[in-house]
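Asks: See structure26.txt below, with compact mmCIF, C-alpha atoms.
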```txt
# COMPACT_ATOMS: atom_id res chain seq x y z
CA MET A 1 -72.26 99.84 -2.82
CA THR A 2 -69.72 101.39 -5.18
CA SER A 3 -69.98 105.14 -5.59
CA THR A 4 -70.57 106.52 -9.07
CA PRO A 5 -69.60 109.99 -10.31
CA LEU A 6 -73.28 110.93 -9.98
CA THR A 7 -73.57 109.89 -6.34
CA GLN A 8 -70.22 111.49 -5.46
CA SER A 9 -71.17 114.78 -7.10
CA LEU A 10 -74.67 114.72 -5.59
CA ALA A 11 -73.31 113.94 -2.14
CA GLU A 12 -71.06 116.98 -2.39
CA SER A 13 -74.00 119.10 -3.51
CA VAL A 14 -76.17 117.89 -0.62
CA GLN A 15 -73.32 118.71 1.76
CA VAL A 16 -73.29 122.28 0.39
CA THR A 17 -76.99 122.55 1.25
CA ARG A 18 -76.32 121.11 4.70
CA THR A 19 -73.61 123.69 5.36
CA ALA A 20 -75.86 126.52 4.17
CA ALA A 21 -78.65 125.19 6.43
CA ARG A 22 -76.40 125.35 9.51
CA THR A 23 -75.86 129.05 8.86
CA LEU A 24 -79.56 129.61 8.18
CA ALA A 25 -80.48 127.90 11.47
CA LYS A 26 -78.62 130.59 13.44
CA LEU A 27 -80.15 133.60 11.69
CA PRO A 28 -82.57 135.86 13.57
CA THR A 29 -86.23 135.92 12.64
CA GLN A 30 -85.96 139.31 10.96
CA ALA A 31 -83.38 138.07 8.45
CA LYS A 32 -85.41 135.00 7.50
CA ASP A 33 -88.62 137.00 7.17
CA ALA A 34 -86.92 139.64 5.02
CA ALA A 35 -85.60 136.89 2.73
CA LEU A 36 -89.12 135.46 2.41
CA GLU A 37 -90.53 138.88 1.52
CA ALA A 38 -87.83 139.20 -1.13
CA ILE A 39 -88.90 135.83 -2.58
CA ALA A 40 -92.55 136.91 -2.66
CA ASN A 41 -91.68 140.16 -4.46
CA THR A 42 -89.49 138.39 -7.01
CA LEU A 43 -92.17 135.77 -7.71
CA GLU A 44 -94.65 138.56 -8.44
CA LYS A 45 -92.24 140.22 -10.86
CA ASN A 46 -91.50 136.95 -12.68
CA GLY A 47 -95.00 135.54 -13.01
CA ASP A 48 -94.96 135.55 -16.82
CA ARG A 49 -91.64 133.69 -16.89
CA ILE A 50 -93.04 130.98 -14.62
CA LEU A 51 -96.29 130.63 -16.58
CA GLN A 52 -94.40 130.34 -19.88
CA ALA A 53 -92.27 127.53 -18.45
CA ASN A 54 -95.39 125.85 -17.08
CA GLN A 55 -97.08 126.02 -20.48
CA LYS A 56 -94.25 123.92 -21.93
CA ASP A 57 -94.90 121.27 -19.28
CA VAL A 58 -98.65 121.32 -19.86
CA GLU A 59 -98.26 120.95 -23.63
CA ALA A 60 -95.84 118.05 -23.18
CA ALA A 61 -98.21 116.39 -20.69
CA LYS A 62 -101.10 116.69 -23.15
CA SER A 63 -98.97 115.23 -25.94
CA ALA A 64 -98.06 112.33 -23.66
CA GLN A 65 -101.79 111.91 -22.83
CA LEU A 66 -101.18 112.04 -19.10
CA PRO A 67 -104.31 111.59 -16.91
CA ILE A 68 -106.51 114.62 -16.35
CA ALA A 69 -105.77 114.49 -12.58
CA ILE A 70 -102.07 115.07 -13.29
CA LEU A 71 -102.85 117.86 -15.74
CA ASN A 72 -105.00 119.59 -13.13
CA ARG A 73 -102.18 119.45 -10.57
CA LEU A 74 -99.59 120.50 -13.12
CA LYS A 75 -101.24 123.57 -14.62
CA LEU A 76 -100.47 126.97 -13.13
CA ASP A 77 -102.52 130.11 -13.71
CA SER A 78 -102.67 133.63 -12.30
CA ASN A 79 -104.78 132.47 -9.33
CA LYS A 80 -102.30 129.74 -8.39
CA LEU A 81 -99.44 132.20 -8.75
CA ALA A 82 -101.20 134.64 -6.43
CA SER A 83 -101.73 131.82 -3.92
CA MET A 84 -98.05 130.91 -4.13
CA VAL A 85 -97.06 134.48 -3.31
CA ALA A 86 -99.65 134.73 -0.52
CA GLY A 87 -98.34 131.48 0.98
CA VAL A 88 -94.82 132.89 1.18
CA ARG A 89 -96.05 136.11 2.79
CA ASP A 90 -98.18 134.18 5.27
CA MET A 91 -94.99 132.45 6.40
CA VAL A 92 -93.59 135.85 7.39
CA ARG A 93 -96.54 136.40 9.71
CA LEU A 94 -96.05 133.12 11.57
CA ALA A 95 -94.24 132.99 14.90
CA GLU A 96 -90.58 131.98 14.99
CA PRO A 97 -90.41 128.19 15.51
CA VAL A 98 -86.66 127.90 16.26
CA GLY A 99 -85.02 128.54 19.62
CA ILE A 100 -88.20 128.19 21.65
CA THR A 101 -87.71 126.94 25.22
CA GLN A 102 -90.19 124.12 25.80
CA ILE A 103 -88.80 123.00 29.16
CA HIS A 104 -86.79 125.09 31.66
CA ARG A 105 -86.22 123.04 34.78
CA GLU A 106 -83.90 123.08 37.74
CA LEU A 107 -82.73 119.53 38.48
CA ASP A 108 -80.70 120.73 41.46
CA THR A 109 -79.08 123.95 42.55
CA GLY A 110 -76.83 125.04 39.69
CA LEU A 111 -77.97 122.21 37.41
CA THR A 112 -80.49 123.44 34.82
CA LEU A 113 -82.20 121.53 32.00
CA GLU A 114 -83.66 123.16 28.89
CA ARG A 115 -85.43 121.71 25.89
CA ILE A 116 -84.98 124.00 22.89
CA THR A 117 -86.56 123.73 19.43
CA CYS A 118 -84.18 123.45 16.46
CA PRO A 119 -84.34 122.61 12.75
CA LEU A 120 -84.13 119.05 11.46
CA GLY A 121 -81.24 119.88 9.12
CA VAL A 122 -81.86 118.86 5.50
CA VAL A 123 -85.23 117.67 4.22
CA GLY A 124 -85.75 115.88 0.92
CA VAL A 125 -89.16 116.50 -0.66
CA ILE A 126 -90.08 114.35 -3.67
CA PHE A 127 -93.33 115.27 -5.37
CA GLU A 128 -95.31 114.63 -8.54
CA ALA A 129 -96.82 117.23 -10.87
CA ARG A 130 -97.37 120.04 -8.33
CA PRO A 131 -94.97 122.90 -9.23
CA ASP A 132 -96.75 125.25 -6.80
CA ALA A 133 -95.47 123.01 -4.01
CA VAL A 134 -91.97 124.39 -4.63
CA THR A 135 -92.70 127.78 -3.10
CA GLN A 136 -94.63 126.30 -0.17
CA ILE A 137 -91.82 123.95 0.73
CA ALA A 138 -89.01 126.45 0.19
CA ALA A 139 -90.76 129.04 2.38
CA LEU A 140 -91.37 126.50 5.14
CA ALA A 141 -87.73 125.38 4.99
CA ILE A 142 -86.35 128.92 5.25
CA LYS A 143 -88.66 129.91 8.11
CA SER A 144 -87.79 126.72 10.03
CA GLY A 145 -84.05 127.02 9.35
CA ASN A 146 -83.76 123.90 7.21
CA GLY A 147 -82.08 123.14 3.91
CA VAL A 148 -84.32 121.46 1.36
CA ILE A 149 -83.61 119.13 -1.55
CA LEU A 150 -86.53 119.30 -4.01
CA LYS A 151 -87.28 116.68 -6.65
CA GLY A 152 -90.32 117.38 -8.78
CA GLY A 153 -91.83 114.99 -11.29
CA SER A 154 -90.38 114.94 -14.80
CA GLU A 155 -93.70 116.27 -16.10
CA ALA A 156 -93.10 119.54 -14.15
CA VAL A 157 -89.38 120.02 -14.76
CA ASN A 158 -89.62 123.31 -16.69
CA SER A 159 -91.96 124.84 -14.12
CA CYS A 160 -89.86 123.74 -11.15
CA GLU A 161 -86.64 124.97 -12.71
CA ALA A 162 -88.17 128.38 -13.40
CA ILE A 163 -89.55 128.74 -9.85
CA VAL A 164 -86.31 127.66 -8.18
CA ALA A 165 -84.32 130.00 -10.45
CA VAL A 166 -86.55 132.88 -9.28
CA ILE A 167 -86.09 131.87 -5.62
CA HIS A 168 -82.31 131.66 -6.08
CA GLN A 169 -82.24 135.08 -7.74
CA ALA A 170 -84.32 136.56 -4.91
CA LEU A 171 -81.98 135.17 -2.24
CA LYS A 172 -78.88 136.21 -4.18
CA ASP A 173 -80.11 139.79 -4.56
CA PHE A 174 -81.34 139.91 -0.96
CA SER A 175 -78.04 138.63 0.46
CA LYS A 176 -75.77 140.91 -1.57
CA GLY A 177 -73.66 142.94 0.83
CA LYS A 178 -75.51 141.67 3.91
CA GLU A 179 -73.81 140.06 6.88
CA LEU A 180 -76.99 138.14 7.77
CA ALA A 181 -77.44 136.44 4.39
CA VAL A 182 -79.60 133.51 3.30
CA SER A 183 -77.62 131.46 0.81
CA PRO A 184 -79.45 130.23 -2.32
CA ASP A 185 -77.82 126.88 -1.54
CA VAL A 186 -80.47 126.21 1.12
CA VAL A 187 -82.88 125.35 -1.73
CA GLN A 188 -81.65 122.76 -4.21
CA LEU A 189 -83.56 121.23 -7.12
CA LEU A 190 -82.95 117.78 -8.59
CA THR A 191 -84.27 116.90 -12.04
CA THR A 192 -83.51 113.23 -12.78
CA ARG A 193 -84.81 109.89 -11.55
CA ALA A 194 -81.23 108.74 -10.92
CA GLU A 195 -80.80 111.61 -8.44
CA THR A 196 -83.98 110.56 -6.65
CA LEU A 197 -82.70 107.03 -6.20
CA ALA A 198 -79.34 108.37 -5.02
CA ILE A 199 -80.69 110.67 -2.29
CA LEU A 200 -82.82 107.86 -0.86
CA GLN A 201 -79.54 106.22 0.17
CA MET A 202 -78.12 109.35 1.85
CA ASP A 203 -79.30 108.61 5.37
CA SER A 204 -76.21 110.29 6.85
CA SER A 205 -76.86 113.57 5.00
CA ILE A 206 -80.66 113.90 4.73
CA ASP A 207 -82.78 113.90 7.88
CA LEU A 208 -86.31 113.42 6.54
CA ILE A 209 -87.94 112.43 3.25
CA ILE A 210 -91.40 113.76 2.41
CA PRO A 211 -93.05 112.17 -0.65
CA ARG A 212 -96.09 113.80 -2.25
CA GLY A 213 -97.87 111.86 -4.97
CA SER A 214 -99.77 108.70 -5.79
CA ASN A 215 -100.20 105.71 -3.51
CA GLN A 216 -97.78 103.66 -5.60
CA PHE A 217 -95.21 106.47 -5.60
CA VAL A 218 -95.29 106.98 -1.82
CA ARG A 219 -95.09 103.23 -1.15
CA TYR A 220 -92.05 103.03 -3.40
CA ILE A 221 -90.28 105.77 -1.44
CA GLN A 222 -91.15 104.16 1.88
CA ASP A 223 -89.80 100.79 0.73
CA ASN A 224 -86.52 102.09 -0.67
CA THR A 225 -84.93 104.24 2.01
CA ARG A 226 -83.68 104.08 5.59
CA ILE A 227 -84.34 107.80 6.02
CA PRO A 228 -87.48 108.55 8.06
CA VAL A 229 -90.44 109.14 5.72
CA LEU A 230 -93.35 111.46 6.49
CA GLY A 231 -96.43 111.36 4.31
CA HIS A 232 -99.58 109.61 3.26
CA ALA A 233 -100.07 106.95 0.63
CA GLU A 234 -103.74 107.55 -0.20
CA GLY A 235 -106.49 110.14 0.14
CA ILE A 236 -109.69 108.10 0.31
CA CYS A 237 -111.97 110.59 2.06
CA HIS A 238 -115.67 110.27 2.88
CA LEU A 239 -118.65 112.51 3.54
CA TYR A 240 -121.42 110.97 5.65
CA VAL A 241 -124.88 112.58 5.48
CA ASP A 242 -126.69 111.67 8.68
CA ALA A 243 -130.44 111.22 9.20
CA SER A 244 -130.75 114.69 10.77
CA ALA A 245 -128.71 116.56 8.18
CA ASP A 246 -129.82 119.83 6.61
CA ILE A 247 -130.36 118.57 3.04
CA ILE A 248 -129.46 121.80 1.23
CA GLN A 249 -126.36 122.26 3.37
CA ALA A 250 -125.32 118.65 2.86
CA ALA A 251 -125.69 118.87 -0.93
CA ALA A 252 -123.58 122.04 -1.07
CA ILE A 253 -120.86 120.46 1.06
CA ALA A 254 -120.87 117.31 -1.08
CA VAL A 255 -120.46 119.32 -4.29
CA ASP A 256 -117.63 121.39 -2.82
CA ALA A 257 -115.85 118.37 -1.32
CA LYS A 258 -115.92 116.54 -4.67
CA THR A 259 -115.66 119.24 -7.33
CA GLN A 260 -113.79 122.24 -5.89
CA TYR A 261 -110.50 120.49 -6.76
CA PRO A 262 -111.12 116.79 -7.50
CA ALA A 263 -107.42 115.99 -7.98
CA ALA A 264 -106.60 116.97 -4.38
CA CYS A 265 -106.00 114.31 -1.76
CA ASN A 266 -108.67 115.87 0.50
CA ALA A 267 -111.47 115.60 -2.06
CA ILE A 268 -114.12 112.99 -1.16
CA GLU A 269 -114.24 109.71 -3.05
CA THR A 270 -117.30 108.19 -1.33
CA LEU A 271 -120.59 109.71 -0.18
CA LEU A 272 -122.39 107.76 2.56
CA VAL A 273 -126.07 108.53 3.11
CA HIS A 274 -128.35 107.43 5.98
CA GLN A 275 -131.33 105.47 4.64
CA ALA A 276 -133.79 107.70 6.53
CA ILE A 277 -132.79 110.76 4.50
CA ALA A 278 -131.88 109.09 1.21
CA VAL A 279 -135.25 109.66 -0.55
CA ASP A 280 -135.14 113.42 0.06
CA PHE A 281 -131.39 113.98 -0.23
CA LEU A 282 -130.09 111.82 -3.05
CA PRO A 283 -132.09 113.32 -5.96
CA ILE A 284 -130.93 116.83 -5.03
CA ALA A 285 -127.33 115.79 -4.38
CA ILE A 286 -126.93 113.62 -7.48
CA GLN A 287 -128.44 116.27 -9.75
CA SER A 288 -126.15 118.94 -8.26
CA LEU A 289 -123.10 116.71 -8.65
CA GLN A 290 -123.94 115.71 -12.22
CA ARG A 291 -124.36 119.36 -13.18
CA GLN A 292 -120.68 119.73 -12.24
CA GLY A 293 -119.71 116.77 -14.45
CA VAL A 294 -119.44 114.15 -11.68
CA LYS A 295 -119.92 110.53 -12.71
CA ILE A 296 -121.79 108.52 -10.08
CA ARG A 297 -120.98 104.95 -9.00
CA ALA A 298 -124.09 103.89 -7.07
CA CYS A 299 -124.54 101.00 -4.64
CA ASP A 300 -127.48 98.62 -5.31
CA ARG A 301 -129.79 100.44 -2.89
CA THR A 302 -128.97 103.86 -4.36
CA PHE A 303 -129.48 102.55 -7.88
CA GLN A 304 -132.84 100.93 -7.04
CA LEU A 305 -134.07 103.99 -5.15
CA MET A 306 -133.23 106.35 -7.99
CA GLN A 307 -134.76 103.91 -10.50
CA GLN A 308 -138.04 103.86 -8.54
CA MET A 309 -138.05 107.65 -8.62
CA GLY A 310 -137.32 107.70 -12.35
CA LYS A 311 -134.02 109.49 -11.75
CA ALA A 312 -131.44 106.74 -12.41
CA ILE A 313 -129.97 108.70 -15.30
CA ASP A 314 -126.31 108.07 -16.08
CA LEU A 315 -125.73 106.10 -12.87
CA GLN A 316 -123.22 103.26 -12.98
CA PRO A 317 -123.32 100.38 -10.49
CA ALA A 318 -120.62 100.46 -7.83
CA THR A 319 -118.36 97.49 -7.25
CA GLU A 320 -116.40 96.46 -4.18
CA SER A 321 -113.26 98.07 -5.58
CA ASP A 322 -114.96 101.48 -5.74
CA TRP A 323 -114.97 101.73 -1.94
CA SER A 324 -111.16 101.58 -1.84
CA THR A 325 -110.37 103.68 -4.92
CA GLU A 326 -108.87 107.18 -4.92
CA TYR A 327 -110.26 108.56 -8.18
CA SER A 328 -108.62 112.01 -8.05
CA ASP A 329 -111.21 112.86 -10.70
CA LEU A 330 -114.89 113.78 -11.11
CA ILE A 331 -116.07 110.31 -10.04
CA LEU A 332 -117.94 109.65 -6.80
CA ALA A 333 -119.12 106.41 -5.20
CA ILE A 334 -122.40 106.59 -3.24
CA ARG A 335 -123.62 104.11 -0.65
CA ILE A 336 -126.76 104.06 1.50
CA VAL A 337 -126.18 102.91 5.09
CA ASP A 338 -128.66 102.00 7.83
CA SER A 339 -127.00 103.78 10.73
CA LEU A 340 -124.26 106.08 11.98
CA GLU A 341 -122.44 103.00 13.26
CA GLU A 342 -122.48 101.42 9.79
CA ALA A 343 -121.10 104.61 8.27
CA ILE A 344 -118.26 104.72 10.80
CA ALA A 345 -117.50 101.03 10.20
CA HIS A 346 -117.35 101.64 6.44
CA ILE A 347 -114.98 104.60 6.87
CA ASN A 348 -112.69 102.76 9.28
CA THR A 349 -112.58 99.80 6.87
CA TYR A 350 -112.00 101.59 3.56
CA GLY A 351 -110.67 105.02 4.53
CA SER A 352 -107.03 106.06 4.44
CA ARG A 353 -107.07 107.98 7.74
CA HIS A 354 -106.81 111.26 5.89
CA THR A 355 -109.95 113.43 6.32
CA GLU A 356 -113.57 112.39 7.04
CA ALA A 357 -116.69 114.52 7.49
CA ILE A 358 -120.24 114.25 8.80
CA VAL A 359 -123.21 116.50 8.04
CA THR A 360 -125.76 116.42 10.84
CA GLN A 361 -127.83 118.66 13.12
CA ASP A 362 -127.63 116.04 15.89
CA PRO A 363 -124.80 116.96 18.32
CA ASN A 364 -124.68 113.43 19.73
CA ALA A 365 -124.21 111.92 16.28
CA ALA A 366 -121.51 114.46 15.51
CA SER A 367 -119.74 113.73 18.79
CA THR A 368 -119.78 109.98 18.14
CA PHE A 369 -118.47 110.43 14.60
CA LEU A 370 -115.66 112.78 15.66
CA SER A 371 -114.52 110.43 18.42
CA ASP A 372 -114.92 107.05 16.68
CA VAL A 373 -113.64 107.74 13.17
CA ASP A 374 -109.93 106.97 12.85
CA ALA A 375 -108.46 109.78 10.73
CA ALA A 376 -106.03 112.68 10.92
CA GLY A 377 -108.93 115.07 10.29
CA VAL A 378 -112.57 114.65 11.37
CA PHE A 379 -114.97 117.42 10.34
CA HIS A 380 -118.56 118.37 11.22
CA ASN A 381 -120.79 120.30 8.78
CA CYS A 382 -118.00 121.47 6.50
CA SER A 383 -116.09 120.35 3.41
CA THR A 384 -113.10 118.00 3.59
CA ARG A 385 -111.30 120.48 1.30
CA PHE A 386 -110.50 122.55 4.40
CA ALA A 387 -107.83 119.97 5.30
CA ASP A 388 -104.93 122.13 4.19
CA GLY A 389 -102.00 123.83 5.90
CA PHE A 390 -102.76 127.22 4.35
CA ARG A 391 -106.43 127.07 5.42
CA TYR A 392 -105.42 125.94 8.92
CA GLY A 393 -103.25 129.05 9.27
CA PHE A 394 -99.97 127.13 9.03
CA GLY A 395 -98.87 129.39 6.17
CA ALA A 396 -98.33 126.38 3.93
CA GLU A 397 -97.68 122.67 4.25
CA VAL A 398 -94.93 120.29 3.25
CA GLY A 399 -97.50 117.52 2.96
CA ILE A 400 -100.22 115.58 4.74
CA SER A 401 -99.38 112.87 7.24
CA THR A 402 -101.81 110.05 8.04
CA GLN A 403 -99.48 108.28 10.46
CA LYS A 404 -100.43 108.03 14.13
CA MET A 405 -97.26 109.56 15.51
CA PRO A 406 -97.09 113.36 15.21
CA PRO A 407 -97.00 115.41 13.15
CA ARG A 408 -100.37 114.33 11.77
CA GLY A 409 -102.66 115.93 9.20
CA PRO A 410 -101.42 119.00 7.28
CA VAL A 411 -97.77 119.39 8.24
CA GLY A 412 -96.47 122.93 8.53
CA LEU A 413 -93.55 124.35 10.45
CA GLU A 414 -93.91 121.96 13.39
CA GLY A 415 -93.15 119.02 11.10
CA LEU A 416 -89.75 120.50 10.24
CA ILE A 417 -88.76 121.23 13.83
CA THR A 418 -87.26 118.94 16.43
CA TYR A 419 -85.61 119.78 19.76
CA LYS A 420 -82.48 119.20 21.77
CA TYR A 421 -81.88 119.01 25.52
CA ARG A 422 -79.31 121.37 27.03
CA LEU A 423 -78.03 120.66 30.52
CA ILE A 424 -75.96 123.33 32.27
CA GLY A 425 -74.12 122.43 35.47
CA ASP A 426 -71.20 123.48 37.63
CA GLY A 427 -69.11 120.36 38.10
CA HIS A 428 -72.12 118.18 38.88
CA ILE A 429 -71.59 114.39 38.75
CA VAL A 430 -74.13 111.54 38.87
CA ALA A 431 -72.28 109.81 41.74
CA SER A 432 -73.49 112.58 44.06
CA TYR A 433 -77.06 111.37 43.62
CA SER A 434 -76.57 107.71 44.60
CA GLY A 435 -75.40 105.85 47.67
CA LYS A 436 -75.82 106.42 51.37
CA ASP A 437 -75.55 110.22 51.40
CA ALA A 438 -77.22 110.77 48.00
CA LYS A 439 -78.38 114.23 47.11
CA THR A 440 -81.98 114.62 45.94
CA PHE A 441 -83.19 116.33 42.78
CA THR A 442 -85.34 119.43 43.10
CA HIS A 443 -87.07 119.05 39.70
CA ARG A 444 -88.40 122.61 39.94
CA ASP A 445 -89.80 124.23 36.77
CA LEU A 446 -88.41 127.72 36.23
CA ALA A 447 -90.09 130.73 34.68
```
How does this structure look as structure tokens?

Replies:
Amino acid sequence: MTSTPLTQSLAESVQVTRTAARTLAKLPTQAKDAALEAIANTLEKNGDRILQANQKDVEAAKSAQLPIAILNRLKLDSNKLASMVAGVRDMVRLAEPVGITQIHRELDTGLTLERITCPLGVVGVIFEARPDAVTQIAALAIKSGNGVILKGGSEAVNSCEAIVAVIHQALKDFSKGKELAVSPDVVQLLTTRAETLAILQMDSSIDLIIPRGSNQFVRYIQDNTRIPVLGHAEGICHLYVDASADIIQAAAIAVDAKTQYPAACNAIETLLVHQAIAVDFLPIAIQSLQRQGVKIRACDRTFQLMQQMGKAIDLQPATESDWSTEYSDLILAIRIVDSLEEAIAHINTYGSRHTEAIVTQDPNAASTFLSDVDAAGVFHNCSTRFADGFRYGFGAEVGISTQKMPPRGPVGLEGLITYKYRLIGDGHIVASYSGKDAKTFTHRDLA
């Protein structure tokens, strides 16, 4: 492929980030944490600047009639700003992930093996609509010693530029006159689609790509790069209300899991209800959900039951496609099932292996659900909205992974860390350990 001026210039820019990341990787914890505190302070001081930039994006999105789910992700307010700052400060409180000895083993006298954690290098994060993701990802990258190339959606360009400018200013001011400096070059923002396409081809310069967005968007990234990709394509999450559920508890969990932030990938899209509890539970749950503006897509049994009770108000019939749809909106599909086993089969057929929950007072049912459901997160008697790096105590997350190989679920610092093996000898050679008079290995773990 012939290089263009864009790809040449971008390659040079990525190399600058890579060089800055190598320096960052060797800094002590105190220097990285102090830089993060400086970022948090500068974000607080520049909140109005960020909100003004975000308002431009929101107004443009409304003019373009973008879907409400995108608008919800895009819009920043004082609460989101406070969460952004808190996320950066939480990163300071987390343990140092770099330079940790995972294995310290004597192979033979004078021959010692170590496995030491180290940063990945440079991570490319491509995301849609979520400008608050910028601070999460930048803080994770700095704490883990990585450089990061950020590419936000075009709908969030003003917001992302303002946030990155604040981060750069914080690092510039922090590093002035300091020997242990954190270069602003460790965080780089791209703003065009052409740049996105270009970095997907930079497998020699970028170590991991993390896409955050719609199913179609993530699939596109996965299909158009040789760089390893970490992420999830869909967030089709379920809540199953078992026969022995506490009805009031189950209704509250259902409302939270659907309405607390319907655009999130950990919001439920389908509510499964055991037939033995449906008569008592569904009227309460549906009324509570509808009060929050939720539109119900009901299976035939749900529709008929509510009709018999004279409560089939504003219910729409569900179709087969509803079971595999991520609405990211105030829409919920409801299905009555005959057993726990049927609920699990439905989830394993239509779910996206993201987060699934059961409400039940039966410990055996809970145990079966938690063991048999195939998902990164399986919850008992709590909302699926807890599936989040910040709520897990990871400080923040770079994304959610639904793949089987780790990291899985909300990906925090551990997803940006790898390791290397260090072997220290004193003239040791392999030939000494083969043949007639072969030496034997001690393989003794050291303190």

Asks: Fewer than 6 positions away in the same chain doesn't count, so skip those; otherwise give me all residues within 9 Å of A:Pro211, counting only C-alpha atoms, as a VMD selection string.

Replies: chain A and resid 124 to 128 217 to 218 221 to 222 229 to 233 399

Asks: Taking (-119.2, 99.5, -7.6) in the file's coordinates as the center, which residues reach within 6 Å of it, counting all atoms listed in the file, put as an NGL selection string?

Replies: :A and (297 or 317-320 or 322)

Asks: Go ahead and find all residues with at least one atom no further than 10 Å from (-78.6, 131.8, 15.1) in the file's coordinates, using all atoms listed in the file; report them as a compact mmCIF listing (two decimals) with C-alpha atoms, in the coordinates of the input.

Replies:
```txt
# COMPACT_ATOMS: atom_id res chain seq x y z
CA ARG A 22 -76.40 125.35 9.51
CA THR A 23 -75.86 129.05 8.86
CA LEU A 24 -79.56 129.61 8.18
CA ALA A 25 -80.48 127.90 11.47
CA LYS A 26 -78.62 130.59 13.44
CA LEU A 27 -80.15 133.60 11.69
CA PRO A 28 -82.57 135.86 13.57
CA THR A 29 -86.23 135.92 12.64
CA VAL A 98 -86.66 127.90 16.26
CA GLY A 99 -85.02 128.54 19.62
CA GLY A 145 -84.05 127.02 9.35
CA LEU A 180 -76.99 138.14 7.77
```

Asks: Residues within 8 Å of A:Leu239, please, as a list in words. Count only C-alpha atoms; anything in the same chain fewer than 3 positions from it doesn't count.

Replies: Ala254, Ile268, Thr270, Leu271, Leu272, Glu356, Ala357, Ile358, Val359 and Thr384 of chain A

Asks: Applying 12 Å and all atoms listed in the file, which residues near A:Val373 remain after dropping the ones on its own chain fewer than 2 positions away? List them as an MDAnalysis selection string.

Replies: chainID A and resid 237:240 340:358 365:371 375:380

Asks: Skip A:Ile400 itself and residues of its chain fewer than 4 positions away, then list as a PDB file with C-alpha atoms, in the frame of the given file all residues within 6 Å of it, counting all atoms listed in the file.

Replies:
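Below is the file that was written, selection-v8.pdb:
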```
ATOM      1  CA  GLY A 231     -96.430 111.360   4.310  1.00  0.00           C
ATOM      2  CA  GLY A 409    -102.660 115.930   9.200  1.00  0.00           C
ATOM      3  CA  PRO A 410    -101.420 119.000   7.280  1.00  0.00           C
ATOM      4  CA  VAL A 411     -97.770 119.390   8.240  1.00  0.00           C
TER       5      VAL A 411
END
```

Asks: What's the separation between atom CA of A:Ala170 and atom CA of A:Leu43, in Å to one decimal place?

Replies: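 A separation of 8.4 Å between them.
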
Asks: Calculated over only C-alpha atoms, which of the candidates A:Ala251, A:Cys265, A:Val88, A:Ile227 has the smallest distance to A:Ile286?

Replies: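 Distance minimum relative to A:Ile286 lands on A:Ala251.
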
Asks: I want to know what sits within 10 Å of A:Ala40, based on all atoms listed in the file, with residues of the same chain fewer than 4 positions away left out; could you give that as a PDB file with C-alpha atoms, in the frame of the given file?

Replies:
```pdb
ATOM      1  CA  ALA A  34     -86.920 139.640   5.020  1.00  0.00           C
ATOM      2  CA  ALA A  35     -85.600 136.890   2.730  1.00  0.00           C
ATOM      3  CA  LEU A  36     -89.120 135.460   2.410  1.00  0.00           C
ATOM      4  CA  GLU A  44     -94.650 138.560  -8.440  1.00  0.00           C
ATOM      5  CA  LYS A  45     -92.240 140.220 -10.860  1.00  0.00           C
ATOM      6  CA  ALA A  82    -101.200 134.640  -6.430  1.00  0.00           C
ATOM      7  CA  MET A  84     -98.050 130.910  -4.130  1.00  0.00           C
ATOM      8  CA  VAL A  85     -97.060 134.480  -3.310  1.00  0.00           C
ATOM      9  CA  ALA A  86     -99.650 134.730  -0.520  1.00  0.00           C
ATOM     10  CA  GLY A  87     -98.340 131.480   0.980  1.00  0.00           C
ATOM     11  CA  VAL A  88     -94.820 132.890   1.180  1.00  0.00           C
ATOM     12  CA  ARG A  89     -96.050 136.110   2.790  1.00  0.00           C
ATOM     13  CA  THR A 135     -92.700 127.780  -3.100  1.00  0.00           C
ATOM     14  CA  ALA A 139     -90.760 129.040   2.380  1.00  0.00           C
ATOM     15  CA  VAL A 166     -86.550 132.880  -9.280  1.00  0.00           C
ATOM     16  CA  ILE A 167     -86.090 131.870  -5.620  1.00  0.00           C
ATOM     17  CA  ALA A 170     -84.320 136.560  -4.910  1.00  0.00           C
TER      18      ALA A 170
END
```

Asks: Please identify every residue of stretch 21-90 of chain A that has at least one atom no farther than 12 Å from an atom of stretch 146-160 of chain A, counting only C-alpha atoms, and for each give the shortest atom pair and the distance in Å to one decimal, arranged by chain then increasing number, as a tab-separated table.

Replies:
```
residue	atom	partner	partner_atom	distance
A:Ala21	CA	A:Gly147	CA	4.7
A:Arg22	CA	A:Asn146	CA	7.8
A:Thr23	CA	A:Asn146	CA	9.6
A:Leu24	CA	A:Asn146	CA	7.2
A:Ala25	CA	A:Asn146	CA	6.7
A:Lys26	CA	A:Asn146	CA	10.5
A:Leu27	CA	A:Asn146	CA	11.3
A:Lys32	CA	A:Asn146	CA	11.2
A:Gly47	CA	A:Ser159	CA	11.2
A:Asp48	CA	A:Ser159	CA	11.4
A:Arg49	CA	A:Ser159	CA	9.3
A:Ile50	CA	A:Ser159	CA	6.3
A:Leu51	CA	A:Ser159	CA	7.6
A:Gln52	CA	A:Ser159	CA	8.3
A:Ala53	CA	A:Ser159	CA	5.1
A:Asn54	CA	A:Ser159	CA	4.6
A:Gln55	CA	A:Ser159	CA	8.2
A:Lys56	CA	A:Asn158	CA	7.0
A:Asp57	CA	A:Ala156	CA	5.7
A:Val58	CA	A:Glu155	CA	8.0
A:Glu59	CA	A:Glu155	CA	10.0
A:Ala60	CA	A:Glu155	CA	7.6
A:Ala61	CA	A:Glu155	CA	6.4
A:Lys62	CA	A:Glu155	CA	10.2
A:Ser63	CA	A:Glu155	CA	11.2
A:Ala64	CA	A:Glu155	CA	9.6
A:Gln65	CA	A:Glu155	CA	11.4
A:Leu66	CA	A:Glu155	CA	9.1
A:Pro67	CA	A:Glu155	CA	11.6
A:Ile70	CA	A:Glu155	CA	8.9
A:Leu71	CA	A:Glu155	CA	9.3
A:Asn72	CA	A:Ala156	CA	11.9
A:Arg73	CA	A:Ala156	CA	9.8
A:Leu74	CA	A:Ala156	CA	6.6
A:Lys75	CA	A:Ala156	CA	9.1
A:Leu76	CA	A:Ser159	CA	8.8
A:Asp77	CA	A:Ser159	CA	11.8
A:Leu81	CA	A:Ser159	CA	11.8
```
